[in-house]
file coords_38.csv (CSV, C-alpha atoms)
chain,number,residue,atom,x,y,z
A,1,MET,CA,24.3,9.9,10.3
A,2,ALA,CA,20.7,9.2,11.0
A,3,GLU,CA,18.5,7.0,8.9
A,4,LEU,CA,14.8,6.9,8.2
A,5,HIS,CA,12.8,4.0,6.9
A,6,VAL,CA,9.3,4.6,5.5
A,7,ILE,CA,7.6,1.3,4.7
A,8,GLY,CA,3.9,0.9,3.9
A,9,GLN,CA,1.4,1.1,1.2
A,10,ILE,CA,-0.8,3.5,-0.8
A,11,GLN,CA,-3.9,1.6,0.0
A,12,GLY,CA,-6.5,3.4,-2.2
A,13,ALA,CA,-8.9,6.2,-2.4
A,14,ILE,CA,-12.4,7.1,-1.5
A,15,GLY,CA,-14.9,9.8,-2.2
A,16,PHE,CA,-14.0,10.7,-5.8
A,17,PRO,CA,-16.6,11.1,-8.5
A,18,SER,CA,-15.2,8.3,-10.5
A,19,GLN,CA,-14.6,4.7,-9.4
A,20,ASN,CA,-11.9,4.0,-12.1
A,21,LEU,CA,-8.8,5.6,-10.7
A,22,PHE,CA,-5.0,5.5,-10.6
A,23,CYS,CA,-2.5,7.6,-8.7
A,24,LYS,CA,0.8,9.1,-9.7
A,25,TRP,CA,2.8,9.6,-6.5
A,26,GLY,CA,6.2,10.9,-5.4
A,27,VAL,CA,8.3,11.8,-2.4
A,28,ALA,CA,9.9,15.2,-2.0
A,29,ALA,CA,12.7,15.6,0.6
A,30,GLY,CA,15.1,18.5,1.4
A,31,ARG,CA,18.7,18.8,0.3
A,32,SER,CA,20.1,17.2,3.4
A,33,TRP,CA,18.2,14.0,2.8
A,34,GLU,CA,19.6,11.3,0.5
A,35,LEU,CA,17.6,8.4,-0.8
A,36,LEU,CA,19.7,5.3,-0.2
A,37,GLU,CA,17.3,2.6,-1.3
A,38,GLY,CA,13.9,2.4,-2.8
A,39,LEU,CA,11.8,4.3,-5.4
A,40,ASP,CA,10.7,7.8,-4.7
A,41,SER,CA,8.1,8.1,-7.4
A,42,GLY,CA,5.8,5.9,-9.4
A,43,GLN,CA,2.3,5.2,-10.7
A,44,THR,CA,-0.2,2.7,-9.2
A,45,GLN,CA,-2.4,0.3,-11.1
A,46,LEU,CA,-5.7,1.5,-12.5
A,47,ASP,CA,-8.5,0.0,-10.4
A,48,LEU,CA,-12.2,-0.1,-11.0
A,49,ALA,CA,-14.0,-0.5,-7.7
A,50,PRO,CA,-17.7,-1.4,-7.1
A,51,GLU,CA,-20.0,1.5,-6.1
A,52,GLY,CA,-19.5,2.6,-2.5
A,53,GLU,CA,-16.3,0.7,-2.0
A,54,PRO,CA,-12.8,2.3,-1.8
A,55,VAL,CA,-10.6,2.1,-4.9
A,56,VAL,CA,-7.8,-0.4,-4.2
A,57,TRP,CA,-4.2,0.3,-5.3
A,58,ALA,CA,-2.2,-1.6,-2.6
A,59,HIS,CA,1.0,0.1,-4.0
A,60,PRO,CA,4.0,-0.8,-1.7
A,61,LEU,CA,6.3,1.9,-0.5
A,62,ASP,CA,9.8,1.1,0.8
A,63,LEU,CA,12.1,4.1,1.2
A,64,HIS,CA,15.4,4.2,3.0
A,65,TYR,CA,16.7,7.8,3.6
A,66,ALA,CA,20.0,9.0,5.2
A,67,CYS,CA,19.5,12.3,7.0
A,68,ARG,CA,22.2,15.0,7.6
A,69,GLY,CA,19.7,17.7,8.7
A,70,LEU,CA,16.1,17.8,9.8
A,71,ALA,CA,15.0,20.5,7.4
A,72,GLY,CA,13.0,19.1,4.5
A,73,TRP,CA,11.4,16.1,6.2
A,74,PRO,CA,10.1,13.9,3.4
A,75,LYS,CA,6.6,14.4,2.2
A,76,LEU,CA,4.4,12.2,-0.1
A,77,TYR,CA,2.4,13.9,-2.8
A,78,PHE,CA,-0.3,12.4,-5.0
A,79,GLN,CA,-2.1,13.1,-8.2
A,80,VAL,CA,-5.3,11.1,-8.6
A,81,TRP,CA,-6.4,10.5,-12.2
A,82,SER,CA,-9.5,8.9,-13.5
A,83,GLN,CA,-10.0,7.0,-16.8
A,84,ASP,CA,-13.3,7.2,-18.6
A,85,VAL,CA,-14.9,4.5,-20.8
A,86,HIS,CA,-13.1,5.9,-23.8
A,87,GLY,CA,-9.7,5.5,-22.2
A,88,ARG,CA,-9.0,9.2,-21.6
A,89,ASN,CA,-7.3,10.2,-18.4
A,90,ASP,CA,-8.4,13.2,-16.5
A,91,ILE,CA,-7.1,14.7,-13.2
A,92,CYS,CA,-9.3,14.1,-10.2
A,93,GLY,CA,-7.2,15.4,-7.2
A,94,TYR,CA,-3.9,16.8,-6.0
A,95,GLY,CA,-2.8,16.3,-2.4
A,96,PHE,CA,0.2,15.8,-0.2
A,97,CYS,CA,1.0,14.7,3.4
A,98,HIS,CA,4.2,14.6,5.4
A,99,VAL,CA,5.7,11.4,6.5
A,100,PRO,CA,5.0,11.3,10.3
A,101,THR,CA,7.9,12.5,12.3
A,102,ALA,CA,7.6,9.9,15.0
A,103,PRO,CA,8.2,6.2,14.6
A,104,GLY,CA,5.2,3.9,14.6
A,105,GLN,CA,2.4,2.6,12.5
A,106,TYR,CA,-0.1,5.1,10.9
A,107,GLU,CA,-3.2,5.1,8.8
A,108,ILE,CA,-3.4,8.4,7.1
A,109,GLU,CA,-6.2,9.9,5.0
A,110,CYS,CA,-4.9,12.6,2.8
A,111,PRO,CA,-7.4,15.2,1.5
A,112,THR,CA,-7.2,16.3,-2.1
A,113,TRP,CA,-8.4,19.2,-4.2
A,114,ILE,CA,-8.6,20.1,-7.9
A,115,PRO,CA,-8.3,23.5,-9.6
A,116,GLU,CA,-11.6,25.0,-10.7
A,117,GLY,CA,-12.0,26.8,-13.9
A,118,THR,CA,-14.4,29.7,-14.7
A,119,ALA,CA,-18.1,29.1,-15.3
A,120,GLY,CA,-17.5,28.9,-19.0
A,121,GLU,CA,-14.7,26.4,-18.7
A,122,ARG,CA,-16.9,24.3,-16.4
A,123,ILE,CA,-19.7,24.1,-19.0
A,124,ALA,CA,-17.2,23.2,-21.7
A,125,ALA,CA,-15.7,20.5,-19.5
A,126,PHE,CA,-19.2,19.1,-18.9
A,127,PHE,CA,-19.5,18.3,-22.6
A,128,LEU,CA,-15.9,17.7,-23.6
A,129,GLY,CA,-14.2,16.5,-20.5
A,130,GLY,CA,-10.9,17.8,-19.4
A,131,ASN,CA,-10.5,19.4,-16.0
A,132,PRO,CA,-7.9,22.3,-15.6
A,133,ARG,CA,-4.6,21.0,-14.4
A,134,LEU,CA,-1.7,22.7,-12.5
A,135,LYS,CA,1.0,24.1,-14.7
A,136,TYR,CA,3.6,23.9,-11.9
A,137,GLU,CA,3.1,20.8,-9.9
A,138,GLU,CA,5.4,21.8,-7.1
A,139,VAL,CA,2.5,24.0,-5.8
A,140,VAL,CA,1.0,20.9,-4.3
A,141,TYR,CA,3.7,20.3,-1.7
A,142,THR,CA,5.6,23.6,-1.6
A,143,PRO,CA,4.5,26.4,0.7
A,144,GLY,CA,4.1,29.5,-1.5
A,145,ASP,CA,1.7,31.8,-3.2
A,146,ARG,CA,-1.5,30.0,-4.1
A,147,PHE,CA,-3.6,33.2,-3.9
A,148,ARG,CA,-4.9,33.1,-7.4
A,149,LEU,CA,-5.8,29.4,-7.4
A,150,ASN,CA,-9.4,28.5,-7.0
A,151,THR,CA,-10.0,24.9,-6.0
A,152,VAL,CA,-12.7,22.6,-5.1
A,153,SER,CA,-12.3,19.7,-2.7
A,154,ALA,CA,-12.0,16.1,-4.0
A,155,GLY,CA,-11.8,12.7,-2.3
A,156,LEU,CA,-9.4,11.2,0.2
A,157,VAL,CA,-6.2,9.1,-0.5
A,158,GLN,CA,-5.7,6.4,2.1
A,159,VAL,CA,-2.1,5.6,3.0
A,160,GLN,CA,-0.8,3.1,5.5
A,161,LEU,CA,2.8,3.9,6.7
A,162,GLY,CA,5.2,2.4,9.1
A,163,VAL,CA,8.1,4.7,10.2
A,164,ILE,CA,11.3,3.4,11.7
A,165,VAL,CA,14.3,5.6,12.6
A,166,LYS,CA,17.9,4.9,13.4
A,167,ASP,CA,20.3,7.0,15.5
A,168,PHE,CA,18.0,10.0,15.9
A,169,GLU,CA,18.1,9.7,19.7
A,170,ARG,CA,21.8,9.6,19.6
A,171,ASN,CA,21.8,13.0,17.9
A,172,HIS,CA,19.4,14.4,20.6
A,173,VAL,CA,16.3,14.6,18.4
A,174,HIS,CA,13.0,14.0,20.3
A,175,PHE,CA,9.8,12.8,18.6
A,176,GLY,CA,7.4,13.4,21.5
B,1,MET,CA,35.2,-12.8,18.5
B,2,ALA,CA,36.2,-9.2,19.1
B,3,ASP,CA,32.9,-7.3,20.0
B,4,SER,CA,30.3,-9.9,21.0
B,5,SER,CA,28.1,-7.3,22.8
B,6,ALA,CA,26.9,-5.5,19.6
B,7,PRO,CA,24.5,-7.8,17.6
B,8,SER,CA,25.1,-7.8,13.9
B,9,SER,CA,21.5,-8.4,12.9
B,10,PHE,CA,18.0,-8.1,14.3
B,11,THR,CA,15.2,-10.6,14.1
B,12,ILE,CA,11.4,-10.4,13.6
B,13,LEU,CA,8.9,-13.1,14.4
B,14,ALA,CA,5.4,-13.0,13.0
B,15,THR,CA,2.7,-15.4,14.2
B,16,GLY,CA,-0.9,-15.4,13.5
B,17,GLN,CA,-3.5,-16.7,11.1
B,18,LEU,CA,-5.1,-16.1,7.7
B,19,GLU,CA,-8.5,-15.9,9.3
B,20,CYS,CA,-11.3,-15.5,6.8
B,21,ALA,CA,-12.4,-13.7,3.7
B,22,GLU,CA,-15.5,-12.0,2.3
B,23,ILE,CA,-15.7,-12.0,-1.4
B,24,PRO,CA,-19.0,-11.1,-3.2
B,25,GLU,CA,-20.4,-13.9,-5.4
B,26,CYS,CA,-17.8,-16.4,-4.2
B,27,THR,CA,-18.9,-19.2,-2.0
B,28,ASN,CA,-16.0,-21.6,-2.3
B,29,ALA,CA,-12.3,-20.6,-2.3
B,30,TYR,CA,-8.8,-21.4,-1.2
B,31,LEU,CA,-5.9,-19.1,-0.7
B,32,LYS,CA,-2.2,-19.3,-1.8
B,33,PHE,CA,0.1,-17.0,0.1
B,34,GLN,CA,3.8,-16.2,0.1
B,35,PHE,CA,6.2,-13.9,1.9
B,36,VAL,CA,8.4,-11.6,-0.2
B,37,ALA,CA,11.4,-9.9,1.4
B,38,GLY,CA,14.4,-7.9,0.3
B,39,GLU,CA,17.9,-9.2,-0.4
B,40,ASP,CA,19.2,-8.5,3.0
B,41,TRP,CA,16.6,-10.7,4.7
B,42,GLN,CA,17.2,-14.3,5.6
B,43,LEU,CA,14.4,-16.8,6.5
B,44,LEU,CA,15.2,-18.4,9.8
B,45,ASP,CA,12.1,-20.5,10.5
B,46,GLY,CA,8.7,-21.1,9.0
B,47,LEU,CA,7.2,-21.6,5.6
B,48,GLU,CA,7.6,-18.8,3.2
B,49,GLU,CA,4.7,-20.0,1.0
B,50,GLY,CA,1.7,-22.3,1.4
B,51,ILE,CA,-1.9,-23.1,0.4
B,52,THR,CA,-4.9,-23.2,2.7
B,53,GLN,CA,-7.8,-25.6,2.5
B,54,ALA,CA,-10.7,-25.1,0.3
B,55,ALA,CA,-13.5,-23.4,2.3
B,56,ARG,CA,-17.1,-23.0,1.6
B,57,VAL,CA,-19.7,-20.5,2.9
B,58,PRO,CA,-22.4,-22.3,5.0
B,59,GLU,CA,-25.9,-22.1,3.7
B,60,GLY,CA,-28.2,-19.5,5.0
B,61,ARG,CA,-25.6,-17.6,7.1
B,62,ASP,CA,-23.3,-14.6,6.5
B,63,GLY,CA,-21.1,-15.0,3.5
B,64,VAL,CA,-17.7,-15.5,5.2
B,65,LEU,CA,-15.1,-18.0,4.1
B,66,VAL,CA,-13.1,-19.3,7.1
B,67,TRP,CA,-9.6,-20.7,6.7
B,68,ASN,CA,-8.1,-20.2,10.2
B,69,PHE,CA,-4.7,-21.0,8.6
B,70,PRO,CA,-1.6,-20.6,10.9
B,71,ILE,CA,1.2,-18.3,9.9
B,72,ASP,CA,4.5,-18.6,11.7
B,73,ILE,CA,7.6,-17.0,10.2
B,74,THR,CA,11.0,-15.7,11.5
B,75,TYR,CA,13.4,-13.5,9.6
B,76,LYS,CA,16.8,-12.2,10.3
B,77,THR,CA,18.2,-9.1,8.7
B,78,THR,CA,20.8,-6.3,8.8
B,79,ASN,CA,18.7,-3.7,7.0
B,80,ALA,CA,15.0,-2.7,7.4
B,81,PHE,CA,14.8,-2.0,3.6
B,82,GLY,CA,12.9,-4.9,1.9
B,83,TRP,CA,10.6,-5.4,5.0
B,84,PRO,CA,8.7,-8.6,4.3
B,85,GLN,CA,5.3,-8.4,2.5
B,86,LEU,CA,2.6,-11.0,2.6
B,87,VAL,CA,1.2,-11.6,-0.9
B,88,VAL,CA,-2.1,-13.6,-1.2
B,89,ALA,CA,-4.0,-15.0,-4.2
B,90,VAL,CA,-7.5,-16.3,-3.7
B,91,TYR,CA,-8.8,-18.9,-6.1
B,92,GLY,CA,-12.5,-20.0,-6.3
B,93,LEU,CA,-14.6,-22.3,-8.2
B,94,ASP,CA,-16.7,-20.9,-11.1
B,95,SER,CA,-20.1,-22.3,-12.1
B,96,PHE,CA,-18.4,-25.1,-14.1
B,97,GLY,CA,-16.2,-26.2,-11.2
B,98,ARG,CA,-12.9,-24.8,-12.5
B,99,ASP,CA,-10.3,-22.9,-10.4
B,100,VAL,CA,-10.5,-19.2,-11.3
B,101,ILE,CA,-8.7,-16.3,-9.7
B,102,LYS,CA,-10.8,-14.2,-7.4
B,103,GLY,CA,-8.3,-11.7,-6.2
B,104,TYR,CA,-4.8,-10.8,-5.2
B,105,GLY,CA,-3.8,-8.8,-2.1
B,106,CYS,CA,-0.6,-7.6,-0.6
B,107,ILE,CA,0.4,-6.0,2.7
B,108,HIS,CA,3.7,-5.3,4.6
B,109,LEU,CA,4.2,-7.1,7.9
B,110,PRO,CA,3.8,-4.5,10.7
B,111,MET,CA,6.9,-2.7,11.7
B,112,ALA,CA,6.3,-2.3,15.4
B,113,ALA,CA,5.8,-5.2,17.9
B,114,GLY,CA,2.2,-5.8,18.8
B,115,ARG,CA,-1.0,-7.4,17.8
B,116,TYR,CA,-2.7,-6.4,14.6
B,117,THR,CA,-5.8,-7.2,12.6
B,118,LEU,CA,-5.0,-6.5,8.9
B,119,LYS,CA,-7.5,-6.2,6.1
B,120,LEU,CA,-6.2,-7.0,2.7
B,121,ARG,CA,-8.4,-5.7,-0.1
B,122,LEU,CA,-8.4,-7.9,-3.1
B,123,PHE,CA,-8.1,-7.0,-6.8
B,124,ARG,CA,-7.8,-9.0,-10.0
B,125,PRO,CA,-6.7,-8.1,-13.5
B,126,ARG,CA,-9.3,-7.0,-16.0
B,127,SER,CA,-9.5,-8.5,-19.4
B,128,ALA,CA,-8.2,-6.4,-22.2
B,129,SER,CA,-11.4,-6.5,-24.3
B,130,LEU,CA,-15.0,-7.7,-24.2
B,131,LEU,CA,-14.0,-10.6,-26.5
B,132,GLN,CA,-11.3,-11.7,-24.1
B,133,SER,CA,-13.6,-11.5,-21.1
B,134,PHE,CA,-16.1,-13.7,-22.9
B,135,THR,CA,-13.5,-16.3,-24.0
B,136,SER,CA,-12.0,-16.4,-20.5
B,137,TRP,CA,-15.4,-17.0,-19.0
B,138,LEU,CA,-16.0,-19.8,-21.5
B,139,THR,CA,-12.6,-21.5,-21.0
B,140,GLY,CA,-12.4,-20.9,-17.3
B,141,MET,CA,-9.1,-19.0,-17.6
B,142,PRO,CA,-9.5,-15.4,-16.6
B,143,ALA,CA,-6.5,-13.0,-16.7
B,144,GLU,CA,-3.9,-13.8,-14.0
B,145,PHE,CA,-0.6,-12.2,-13.1
B,146,SER,CA,2.2,-14.3,-14.7
B,147,ASP,CA,4.4,-13.5,-11.7
B,148,PRO,CA,2.6,-14.4,-8.4
B,149,LYS,CA,4.9,-11.8,-6.6
B,150,PHE,CA,3.7,-9.0,-8.8
B,151,PRO,CA,1.4,-7.4,-6.2
B,152,SER,CA,4.5,-6.8,-4.0
B,153,TYR,CA,6.4,-4.8,-6.7
B,154,GLY,CA,6.6,-1.0,-6.7
B,155,GLU,CA,7.5,-0.8,-10.4
B,156,GLY,CA,5.6,-1.9,-13.5
B,157,ARG,CA,2.2,-1.3,-12.0
B,158,GLU,CA,1.2,1.6,-14.2
B,159,VAL,CA,0.1,-0.6,-17.1
B,160,THR,CA,-2.1,-2.9,-15.0
B,161,ARG,CA,-5.8,-2.5,-15.1
B,162,VAL,CA,-7.6,-4.2,-12.3
B,163,GLN,CA,-11.0,-4.4,-10.6
B,164,SER,CA,-11.3,-4.8,-6.9
B,165,GLY,CA,-13.8,-6.6,-4.7
B,166,GLY,CA,-13.7,-8.6,-1.4
B,167,HIS,CA,-11.1,-8.7,1.3
B,168,VAL,CA,-9.1,-11.1,3.4
B,169,LYS,CA,-8.7,-10.7,7.2
B,170,VAL,CA,-5.4,-11.6,8.8
B,171,GLN,CA,-4.5,-11.6,12.5
B,172,LEU,CA,-0.8,-11.1,13.2
B,173,ASN,CA,1.3,-10.8,16.3
B,174,LEU,CA,4.7,-9.3,15.7
B,175,MET,CA,7.8,-9.6,18.0
B,176,THR,CA,11.2,-8.1,17.3
B,177,LYS,CA,14.6,-8.9,18.8
B,178,ASP,CA,17.7,-6.7,19.0
B,179,MET,CA,16.1,-3.8,17.0
B,180,ASP,CA,16.9,-1.3,19.7
B,181,MET,CA,20.5,-2.5,20.1
B,182,PHE,CA,20.9,-2.2,16.4
B,183,GLY,CA,19.9,1.5,16.7
B,184,TYR,CA,16.3,1.3,15.4
B,185,VAL,CA,13.4,2.9,17.1
B,186,ASP,CA,10.1,1.5,16.0
B,187,GLY,CA,7.7,3.3,18.2
B,188,SER,CA,6.1,0.2,19.7
B,189,GLY,CA,6.4,1.4,23.3
B,190,ARG,CA,4.5,4.6,22.5
B,191,ASP,CA,0.8,4.9,22.8
B,192,PRO,CA,-0.3,7.8,20.4
B,193,ALA,CA,-3.5,8.3,22.4
B,194,VAL,CA,-1.6,8.9,25.6
B,195,SER,CA,0.9,11.3,24.1
B,196,ALA,CA,-2.0,13.3,22.5
B,197,ILE,CA,-3.5,13.7,26.0
B,198,THR,CA,-0.3,14.9,27.7
B,199,GLN,CA,0.1,17.6,25.1
B,200,MET,CA,-3.2,19.3,26.1
call {"tool": "encode", "arguments": {"input": "coords_38.csv", "output": "structure tokens"}}
result
Amino acid sequence: MAELHVIGQIQGAIGFPSQNLFCKWGVAAGRSWELLEGLDSGQTQLDLAPEGEPVVWAHPLDLHYACRGLAGWPKLYFQVWSQDVHGRNDICGYGFCHVPTAPGQYEIECPTWIPEGTAGERIAAFFLGGNPRLKYEEVVYTPGDRFRLNTVSAGLVQVQLGVIVKDFERNHVHFG
Amino acid sequence: MADSSAPSSFTILATGQLECAEIPECTNAYLKFQFVAGEDWQLLDGLEEGITQAARVPEGRDGVLVWNFPIDITYKTTNAFGWPQLVVAVYGLDSFGRDVIKGYGCIHLPMAAGRYTLKLRLFRPRSASLLQSFTSWLTGMPAEFSDPKFPSYGEGREVTRVQSGGHVKVQLNLMTKDMDMFGYVDGSGRDPAVSAITQM
């Protein structure tokens, strides 16, 4: 049975309208993947970064998967939230990225987006706050029908990942 | 000894230095570091924690604090889970000459053999209220993490409010032994630039 280790860090984020951000993250894998050790979801610290500097979360990731089939290779998904001066949390971006399928060290910048409301909703949000949120959060990392969703792009989530595999070559799997 | 050809563990050796740091509004600081590893990891050689000297930024030049502190550590393990992390805490002097925390940082040791320049961005806890930030400035005791290993934890971070600023530069060389015989492929022999060209 092959094993996959994903070890790294959600470093931070850049390019969002707010500099006071935290991130809720998770890892989704198919049915033939079993998480042996590690946490596959969590929430980072809330960091306030100076203007122009990236927001720093430095959240460690250490996942140990057992793999019985290649379908459903693990993917990381993120929800970036901001907190305003009154302590209210508001969504700033949704994004996902696959864990690289070849062993090595990677620096990944994952792009994010947020749903956009109608013009009336945007005017109300300008005064009251409160961006529209997704009702079904699986839309972020599942291929499916996003036809009626209008989104606007948001910032980048920076992730540093190291991938180590065990016994994949013995099962004739090539990474390229 | 029945099967002496198959190793029962693999080893990693990390050498390098805590090179320098750039922290805004900090001209005098020292750094405390420690390595945090999982339960299956055993320290073979080297110091797992230490303190550097107190460094000062020279007058009239770029604001870089240089420590040039050697790191030399060897671990043995049976499981890649719990890969060692380097946790640092930088302490500086405030205007009254007291030690105050300037930032924490954390990074995993690289997983593939090679030479790396790592940049650890620093963050420190924010005071819970304006009054607390004023009293902590007065008494020279700003908010610190009670557990120095806290930056290496994946849990319990959601209630922490921090502010970031500054970074520490670390040079590391990583060597591994017996990882391939143990069945692990770490991708160190692959050059991603070369494989991208051959695809074209």
call {"tool": "closest_residue", "arguments": {"input": "coords_38.csv", "among": "A:Gly144, A:Gly120, A:Pro60, A:Pro115", "to": "Tyr153 (chain B)", "atoms": "all atoms listed in the file"}}
result
A:Pro60
call {"tool": "atom_distance", "arguments": {"input": "coords_38.csv", "atom1": "CA of Asn171 (chain A)", "atom2": "CA of Asp178 (chain B)"}}
result
20.2 Å
call {"tool": "residues_around", "arguments": {"input": "coords_38.csv", "residues": "Thr27 (chain B)", "least_positions_apart": "3", "cutoff": "8 Å", "atoms": "only C-alpha atoms", "output": "list in words"}}
result
Ile23, Arg56, Val57, Gly63, Leu65 and Gly92 of chain B
call {"tool": "interface_residues", "arguments": {"input": "coords_38.csv", "of": "chain B", "to": "chain A", "cutoff": "6 Å", "atoms": "all atoms listed in the file", "output": "PDB file with C-alpha atoms, in the frame of the given file"}}
result
ATOM      1  CA  MET B 111       6.900  -2.700  11.700  1.00  0.00           C
ATOM      2  CA  GLY B 154       6.600  -1.000  -6.700  1.00  0.00           C
ATOM      3  CA  ARG B 157       2.200  -1.300 -12.000  1.00  0.00           C
ATOM      4  CA  GLU B 158       1.200   1.600 -14.200  1.00  0.00           C
ATOM      5  CA  THR B 160      -2.100  -2.900 -15.000  1.00  0.00           C
ATOM      6  CA  ARG B 161      -5.800  -2.500 -15.100  1.00  0.00           C
ATOM      7  CA  VAL B 162      -7.600  -4.200 -12.300  1.00  0.00           C
ATOM      8  CA  GLN B 163     -11.000  -4.400 -10.600  1.00  0.00           C
ATOM      9  CA  SER B 164     -11.300  -4.800  -6.900  1.00  0.00           C
ATOM     10  CA  GLY B 183      19.900   1.500  16.700  1.00  0.00           C
ATOM     11  CA  TYR B 184      16.300   1.300  15.400  1.00  0.00           C
ATOM     12  CA  VAL B 185      13.400   2.900  17.100  1.00  0.00           C
ATOM     13  CA  ASP B 186      10.100   1.500  16.000  1.00  0.00           C
ATOM     14  CA  GLY B 187       7.700   3.300  18.200  1.00  0.00           C
TER      15      GLY B 187
END
call {"tool": "residues_around", "arguments": {"input": "coords_38.csv", "residues": "region 93-106 of chain B", "least_positions_apart": "4", "cutoff": "6 Å", "atoms": "only C-alpha atoms", "output": "ChimeraX atom specification"}}
result
/B:86-89,120-124,151
call {"tool": "atom_distance", "arguments": {"input": "coords_38.csv", "atom1": "CA of Phe69 (chain B)", "atom2": "CA of Gln17 (chain B)"}}
result
5.1 Å
call {"tool": "residues_around", "arguments": {"input": "coords_38.csv", "residues": "Leu156 (chain A)", "least_positions_apart": "5", "cutoff": "7 Å", "atoms": "all atoms listed in the file", "output": "PyMOL selection string"}}
result
chain A and resi 13-15+109-112
call {"tool": "atom_distance", "arguments": {"input": "coords_38.csv", "atom1": "CA of Leu109 (chain B)", "atom2": "CA of Gly166 (chain B)"}}
result
20.2 Å
call {"tool": "residues_around", "arguments": {"input": "coords_38.csv", "residues": "Asp90 (chain A)", "least_positions_apart": "6", "cutoff": "10 Å", "atoms": "all atoms listed in the file", "output": "VMD selection string"}}
result
chain A and resid 21 80 to 84 129 to 133
call {"tool": "residues_around", "arguments": {"input": "coords_38.csv", "residues": "Ile71 (chain B)", "least_positions_apart": "4", "cutoff": "8 Å", "atoms": "all atoms listed in the file", "output": "list in words"}}
result
Ala14, Thr15, Gly16, Gln17 and Leu18 of chain B
call {"tool": "closest_residue", "arguments": {"input": "coords_38.csv", "among": "A:Phe126, A:Phe96, A:Trp33, A:Phe78", "to": "Pro143 (chain A)", "atoms": "all atoms listed in the file"}}
result
A:Phe96
call {"tool": "closest_residue", "arguments": {"input": "coords_38.csv", "among": "B:Phe35, B:Pro142, B:Ala21, B:Ala128", "to": "Gly87 (chain A)", "atoms": "only C-alpha atoms"}}
result
B:Ala128
call {"tool": "closest_residue", "arguments": {"input": "coords_38.csv", "among": "A:Ala29, A:Val140, A:Leu35, A:Leu70", "to": "Val173 (chain A)", "atoms": "all atoms listed in the file"}}
result
A:Leu70
